[in-house]
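What follows is the content of input_0.json (JSON, C-alpha atoms).
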```json
[["chain", "number", "residue", "atom", "x", "y", "z"],
["B", 1, "MET", "CA", 50.18, 151.84, 99.72],
["B", 2, "ASN", "CA", 47.06, 149.88, 100.55],
["B", 3, "ALA", "CA", 47.20, 146.48, 102.26],
["B", 4, "ALA", "CA", 46.18, 144.51, 99.15],
["B", 5, "LEU", "CA", 48.94, 146.08, 97.03],
["B", 6, "SER", "CA", 51.48, 145.57, 99.79],
["B", 7, "SER", "CA", 50.47, 141.95, 100.21],
["B", 8, "GLN", "CA", 50.71, 141.33, 96.44],
["B", 9, "LEU", "CA", 54.12, 143.02, 96.27],
["B", 10, "ASN", "CA", 55.39, 140.93, 99.20],
["B", 11, "LEU", "CA", 54.23, 137.76, 97.42],
["B", 12, "GLU", "CA", 55.96, 138.78, 94.17],
["B", 13, "ILE", "CA", 59.23, 139.43, 96.03],
["B", 14, "VAL", "CA", 59.03, 136.06, 97.82],
["B", 15, "GLN", "CA", 58.45, 134.40, 94.44],
["B", 16, "GLN", "CA", 61.53, 136.15, 93.05],
["B", 17, "PHE", "CA", 63.62, 134.77, 95.92],
["B", 18, "ARG", "CA", 62.20, 131.31, 95.18],
["B", 19, "ILE", "CA", 63.33, 131.62, 91.56],
["B", 20, "ILE", "CA", 66.83, 132.68, 92.64],
["B", 21, "TYR", "CA", 67.10, 129.93, 95.26],
["B", 22, "GLY", "CA", 65.68, 127.23, 93.00],
["B", 23, "SER", "CA", 67.88, 128.23, 90.07],
["B", 24, "MET", "CA", 71.01, 128.12, 92.21],
["B", 25, "ARG", "CA", 70.03, 124.80, 93.75],
["B", 26, "GLN", "CA", 69.39, 123.26, 90.31],
["B", 27, "TYR", "CA", 72.69, 124.58, 88.99],
["B", 28, "PHE", "CA", 74.70, 123.12, 91.88],
["B", 29, "ARG", "CA", 72.94, 119.77, 91.37],
["B", 30, "GLU", "CA", 74.09, 119.87, 87.74],
["B", 31, "VAL", "CA", 77.64, 120.67, 88.86],
["B", 32, "GLU", "CA", 77.71, 117.70, 91.22],
["B", 33, "GLU", "CA", 76.16, 115.36, 88.65],
["B", 34, "SER", "CA", 78.62, 116.47, 85.94],
["B", 35, "CYS", "CA", 81.77, 116.60, 88.04],
["B", 36, "GLY", "CA", 81.14, 114.23, 90.94],
["B", 37, "LEU", "CA", 82.03, 116.95, 93.46],
["B", 38, "PRO", "CA", 80.02, 119.65, 95.26],
["B", 39, "GLY", "CA", 80.16, 123.19, 93.92],
["B", 40, "SER", "CA", 82.32, 124.50, 96.77],
["B", 41, "GLN", "CA", 85.00, 121.90, 96.04],
["B", 42, "MET", "CA", 84.77, 122.62, 92.32],
["B", 43, "TRP", "CA", 85.29, 126.31, 93.07],
["B", 44, "VAL", "CA", 88.52, 125.43, 94.89],
["B", 45, "LEU", "CA", 89.66, 123.44, 91.86],
["B", 46, "GLN", "CA", 88.73, 126.26, 89.50],
["B", 47, "GLU", "CA", 90.77, 128.77, 91.53],
["B", 48, "ALA", "CA", 93.72, 126.35, 91.61],
["B", 49, "GLN", "CA", 93.51, 126.09, 87.83],
["B", 50, "ARG", "CA", 93.41, 129.88, 87.45],
["B", 51, "THR", "CA", 96.42, 130.36, 89.74],
["B", 52, "PRO", "CA", 98.70, 127.31, 90.13],
["B", 53, "GLY", "CA", 100.51, 127.41, 93.48],
["B", 54, "LEU", "CA", 97.72, 129.47, 95.07],
["B", 55, "GLY", "CA", 97.95, 129.69, 98.87],
["B", 56, "ILE", "CA", 95.16, 128.83, 101.29],
["B", 57, "THR", "CA", 94.87, 132.37, 102.68],
["B", 58, "GLU", "CA", 94.47, 133.93, 99.23],
["B", 59, "LEU", "CA", 92.05, 131.17, 98.20],
["B", 60, "ALA", "CA", 89.91, 131.77, 101.28],
["B", 61, "GLY", "CA", 89.84, 135.48, 100.44],
["B", 62, "ARG", "CA", 88.79, 134.85, 96.85],
["B", 63, "MET", "CA", 85.99, 132.59, 98.01],
["B", 64, "GLY", "CA", 84.93, 134.84, 100.89],
["B", 65, "ILE", "CA", 85.17, 132.00, 103.41],
["B", 66, "HIS", "CA", 87.05, 131.45, 106.65],
["B", 67, "GLN", "CA", 90.59, 130.11, 106.29],
["B", 68, "SER", "CA", 89.86, 126.99, 108.37],
["B", 69, "THR", "CA", 86.85, 126.17, 106.18],
["B", 70, "CYS", "CA", 89.06, 126.60, 103.12],
["B", 71, "SER", "CA", 91.73, 124.31, 104.58],
["B", 72, "LEU", "CA", 89.12, 121.60, 105.15],
["B", 73, "LEU", "CA", 87.94, 121.86, 101.53],
["B", 74, "VAL", "CA", 91.53, 121.68, 100.26],
["B", 75, "ASP", "CA", 92.38, 118.72, 102.51],
["B", 76, "LYS", "CA", 89.36, 116.78, 101.21],
["B", 77, "LEU", "CA", 90.46, 117.41, 97.63],
["B", 78, "VAL", "CA", 94.06, 116.41, 98.38],
["B", 79, "THR", "CA", 92.88, 113.19, 100.06],
["B", 80, "ARG", "CA", 90.67, 112.36, 97.07],
["B", 81, "GLY", "CA", 93.48, 113.04, 94.59],
["B", 82, "TYR", "CA", 92.21, 116.22, 92.94],
["B", 83, "LEU", "CA", 94.88, 118.56, 94.34],
["B", 84, "THR", "CA", 98.42, 118.43, 95.61],
["B", 85, "LYS", "CA", 99.94, 120.70, 98.23],
["B", 86, "ALA", "CA", 103.57, 121.78, 98.17],
["B", 87, "ARG", "CA", 105.76, 124.28, 100.00],
["B", 88, "GLN", "CA", 106.27, 127.42, 97.92],
["B", 89, "GLY", "CA", 109.31, 129.64, 97.45],
["B", 90, "LYS", "CA", 111.72, 130.77, 100.13],
["B", 91, "ASP", "CA", 109.03, 130.93, 102.83],
["B", 92, "HIS", "CA", 108.56, 127.22, 103.50],
["B", 93, "ARG", "CA", 105.57, 127.96, 105.71],
["B", 94, "ARG", "CA", 103.53, 128.91, 102.63],
["B", 95, "VAL", "CA", 101.77, 125.97, 101.04],
["B", 96, "GLY", "CA", 100.47, 126.23, 97.48],
["B", 97, "ILE", "CA", 97.92, 124.02, 95.77],
["B", 98, "THR", "CA", 98.05, 122.56, 92.27],
["B", 99, "LEU", "CA", 95.55, 120.54, 90.25],
["B", 100, "THR", "CA", 96.23, 116.88, 89.59],
["B", 101, "GLU", "CA", 95.08, 115.07, 86.44],
["B", 102, "ASN", "CA", 91.85, 114.13, 88.28],
["B", 103, "GLY", "CA", 91.33, 117.79, 89.14],
["B", 104, "GLU", "CA", 91.78, 118.77, 85.48],
["B", 105, "LYS", "CA", 89.19, 116.16, 84.45],
["B", 106, "ALA", "CA", 86.70, 117.47, 87.01],
["B", 107, "ILE", "CA", 87.20, 121.05, 85.80],
["B", 108, "ALA", "CA", 86.68, 119.94, 82.19],
["B", 109, "ALA", "CA", 83.25, 118.56, 83.18],
["B", 110, "LEU", "CA", 81.99, 121.85, 84.68],
["B", 111, "PRO", "CA", 78.74, 122.99, 83.04],
["B", 112, "GLY", "CA", 79.55, 126.64, 83.89],
["B", 113, "PRO", "CA", 81.28, 128.69, 86.59],
["B", 114, "ALA", "CA", 82.14, 126.70, 89.70],
["B", 115, "GLU", "CA", 81.21, 129.60, 91.99],
["B", 116, "GLY", "CA", 77.68, 129.40, 90.64],
["B", 117, "ILE", "CA", 75.25, 131.33, 88.49],
["B", 118, "LEU", "CA", 74.50, 134.11, 90.98],
["B", 119, "PRO", "CA", 77.98, 135.72, 90.90],
["B", 120, "GLU", "CA", 77.93, 135.39, 87.13],
["B", 121, "ALA", "CA", 74.54, 137.14, 86.92],
["B", 122, "LEU", "CA", 75.68, 139.89, 89.30],
["B", 123, "ALA", "CA", 78.78, 140.48, 87.18],
["B", 124, "THR", "CA", 76.58, 141.35, 84.20],
["B", 125, "MET", "CA", 74.58, 144.00, 86.07],
["B", 126, "PRO", "CA", 75.33, 147.73, 85.86],
["B", 127, "LEU", "CA", 77.12, 149.21, 88.88],
["B", 128, "VAL", "CA", 74.17, 151.44, 89.79],
["B", 129, "ALA", "CA", 71.88, 148.40, 89.90],
["B", 130, "LEU", "CA", 74.39, 146.49, 92.05],
["B", 131, "ASN", "CA", 74.64, 149.39, 94.51],
["B", 132, "THR", "CA", 70.85, 149.65, 94.72],
["B", 133, "LEU", "CA", 70.47, 145.90, 95.19],
["B", 134, "ASN", "CA", 73.16, 145.91, 97.89],
["B", 135, "THR", "CA", 71.43, 148.72, 99.77],
["B", 136, "HIS", "CA", 68.01, 147.08, 99.61],
["B", 137, "LEU", "CA", 69.26, 143.63, 100.57],
["B", 138, "SER", "CA", 71.11, 145.12, 103.55],
["B", 139, "GLU", "CA", 67.87, 146.77, 104.63],
["B", 140, "LEU", "CA", 65.95, 143.51, 104.21],
["B", 141, "ILE", "CA", 68.51, 141.61, 106.30],
["B", 142, "GLN", "CA", 68.15, 144.16, 109.12],
["B", 143, "HIS", "CA", 64.41, 143.38, 109.23],
["B", 144, "LEU", "CA", 64.94, 139.61, 109.08],
["B", 145, "PRO", "CA", 64.39, 138.11, 112.54],
["B", 146, "GLY", "CA", 67.22, 135.85, 113.65],
["B", 147, "HIS", "CA", 69.50, 136.63, 110.71],
["B", 148, "VAL", "CA", 72.86, 134.91, 111.12],
["B", 149, "GLU", "CA", 75.94, 136.78, 109.91],
["B", 150, "GLY", "CA", 77.88, 133.46, 109.75],
["B", 151, "TYR", "CA", 76.03, 132.54, 106.59],
["B", 152, "ALA", "CA", 77.87, 135.32, 104.74],
["B", 153, "ARG", "CA", 81.11, 133.31, 104.78],
["B", 154, "THR", "CA", 79.64, 129.98, 103.66],
["B", 155, "PRO", "CA", 79.72, 128.91, 100.00],
["B", 156, "LEU", "CA", 76.24, 128.93, 98.46],
["B", 157, "ALA", "CA", 76.78, 125.41, 97.13],
["B", 158, "ASP", "CA", 77.18, 124.13, 100.70],
["B", 159, "MET", "CA", 74.09, 125.99, 101.91],
["B", 160, "LEU", "CA", 71.92, 124.69, 99.09],
["B", 161, "GLN", "CA", 72.83, 121.04, 99.64],
["B", 162, "ASN", "CA", 71.50, 120.87, 103.22],
["B", 163, "ARG", "CA", 74.50, 118.80, 104.32],
["B", 164, "ARG", "CA", 74.97, 120.72, 107.56],
["B", 165, "ASP", "CA", 74.07, 124.05, 109.11],
["B", 166, "PRO", "CA", 77.02, 126.12, 107.91],
["B", 167, "ALA", "CA", 76.32, 129.05, 110.23],
["B", 168, "GLN", "CA", 76.88, 127.04, 113.38],
["B", 169, "LYS", "CA", 80.53, 126.47, 112.63],
["B", 170, "ASN", "CA", 81.15, 129.90, 111.10],
["B", 171, "GLU", "CA", 79.50, 131.70, 114.02],
["B", 172, "LEU", "CA", 82.31, 130.37, 116.20],
["B", 173, "GLN", "CA", 85.06, 131.56, 113.86]]
```

So that I can check it, write out the structure of this file as structure tokens.
Amino acid sequence: MNAALSSQLNLEIVQQFRIIYGSMRQYFREVEESCGLPGSQMWVLQEAQRTPGLGITELAGRMGIHQSTCSLLVDKLVTRGYLTKARQGKDHRRVGITLTENGEKAIAALPGPAEGILPEALATMPLVALNTLNTHLSELIQHLPGHVEGYARTPLADMLQNRRDPAQKNELQ
């Protein structure tokens, strides 16, 4: 491939990433404007609605985040009156979460999926395309100077809001 074609292809790929990033950022702004809560907190509420009594460990697994990060999200929502926590079943160490009336109202205001538009778009793609995309993105990440694995366990909504550098905390976990 000649240099001009390579340069043009690189530019087109960068523009595609801009579209993805900008679309996700706009969507999470809409979520916060509609619901009054950031996307990551709305995702917690959505999972609590789907599975009343859900435990923190299972919730963290569903969201692909560290358990301590998940606990902080849940604690914020409990403090603000969107969730309640209660001991579950015979094992009194297990704490489950349940939506409050405020949590139900926030969920009702969601303009779409709380986890964002990217997982929704990926879910509509054929498996062969997902496998190819996964392979190529893994290759790209290996060529990315200074890539931080800690970002993999940070909700996109938190990354797009520029509230903090999520990798710093997750790198330590």

**Message:** Taking all atoms listed in the file into account, name the residue in B:Leu59, B:Val31, B:Leu9, B:Ile19 that is nearest to Pro111 in chain B.
**Reply:**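 Of B:Leu59, B:Val31, B:Leu9, B:Ile19, the one nearest Pro111 in chain B is B:Val31, counting all atoms listed in the file.
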
**Asked** Rounded to one decimal in Å, what is the spacing between CA of Cys70 in chain B and CA of Leu130 in chain B?
**Response**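 These atoms are spaced 27.1 Å apart.
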
**Asked** From the list B:Leu54, B:Ile107, B:Val74, B:Ala129, which residue is nearest Val95 in chain B when using all atoms listed in the file?
**Response** B:Leu54

**Request:** Kindly give the distance, in Å, that separates CA of Met125 in chain B and CA of Tyr151 in chain B, rounded to a single decimal.
**Result:** 23.5 Å

**Item:** Length of the CA of Leu72 in chain B to CA of Gln49 in chain B vector [Å]
**Value:**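 Between CA of Leu72 in chain B and CA of Gln49 in chain B the gap is 18.4 Å.
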
**Message:** When you count only C-alpha atoms, which of these residues is closest to Thr57 in chain B: B:Gly112, B:Pro38, B:Gly96, B:Gly22?
**Reply:** B:Gly96

**Asked** Of the candidates B:Gln41, B:Gln46, B:Ala157, B:Gly55, which one gets nearest to Gln67 in chain B if we count all atoms listed in the file?
**Response**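 Of all the options, B:Gly55 lies closest to Gln67 in chain B.
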
List as a PDB file with C-alpha atoms, keeping the file's coordinate frame the protein and nucleic acid residues near Ala48 in chain B, meaning an atom at most 9 Å away when only C-alpha atoms are counted, but skip any in the same chain fewer than 3 places from it.
```
ATOM      1  CA  TRP B  43      85.290 126.310  93.070  1.00  0.00           C
ATOM      2  CA  VAL B  44      88.520 125.430  94.890  1.00  0.00           C
ATOM      3  CA  LEU B  45      89.660 123.440  91.860  1.00  0.00           C
ATOM      4  CA  THR B  51      96.420 130.360  89.740  1.00  0.00           C
ATOM      5  CA  PRO B  52      98.700 127.310  90.130  1.00  0.00           C
ATOM      6  CA  GLY B  53     100.510 127.410  93.480  1.00  0.00           C
ATOM      7  CA  LEU B  54      97.720 129.470  95.070  1.00  0.00           C
ATOM      8  CA  LEU B  59      92.050 131.170  98.200  1.00  0.00           C
ATOM      9  CA  LEU B  83      94.880 118.560  94.340  1.00  0.00           C
ATOM     10  CA  GLY B  96     100.470 126.230  97.480  1.00  0.00           C
ATOM     11  CA  ILE B  97      97.920 124.020  95.770  1.00  0.00           C
ATOM     12  CA  THR B  98      98.050 122.560  92.270  1.00  0.00           C
ATOM     13  CA  LEU B  99      95.550 120.540  90.250  1.00  0.00           C
TER      14      LEU B  99
END
```
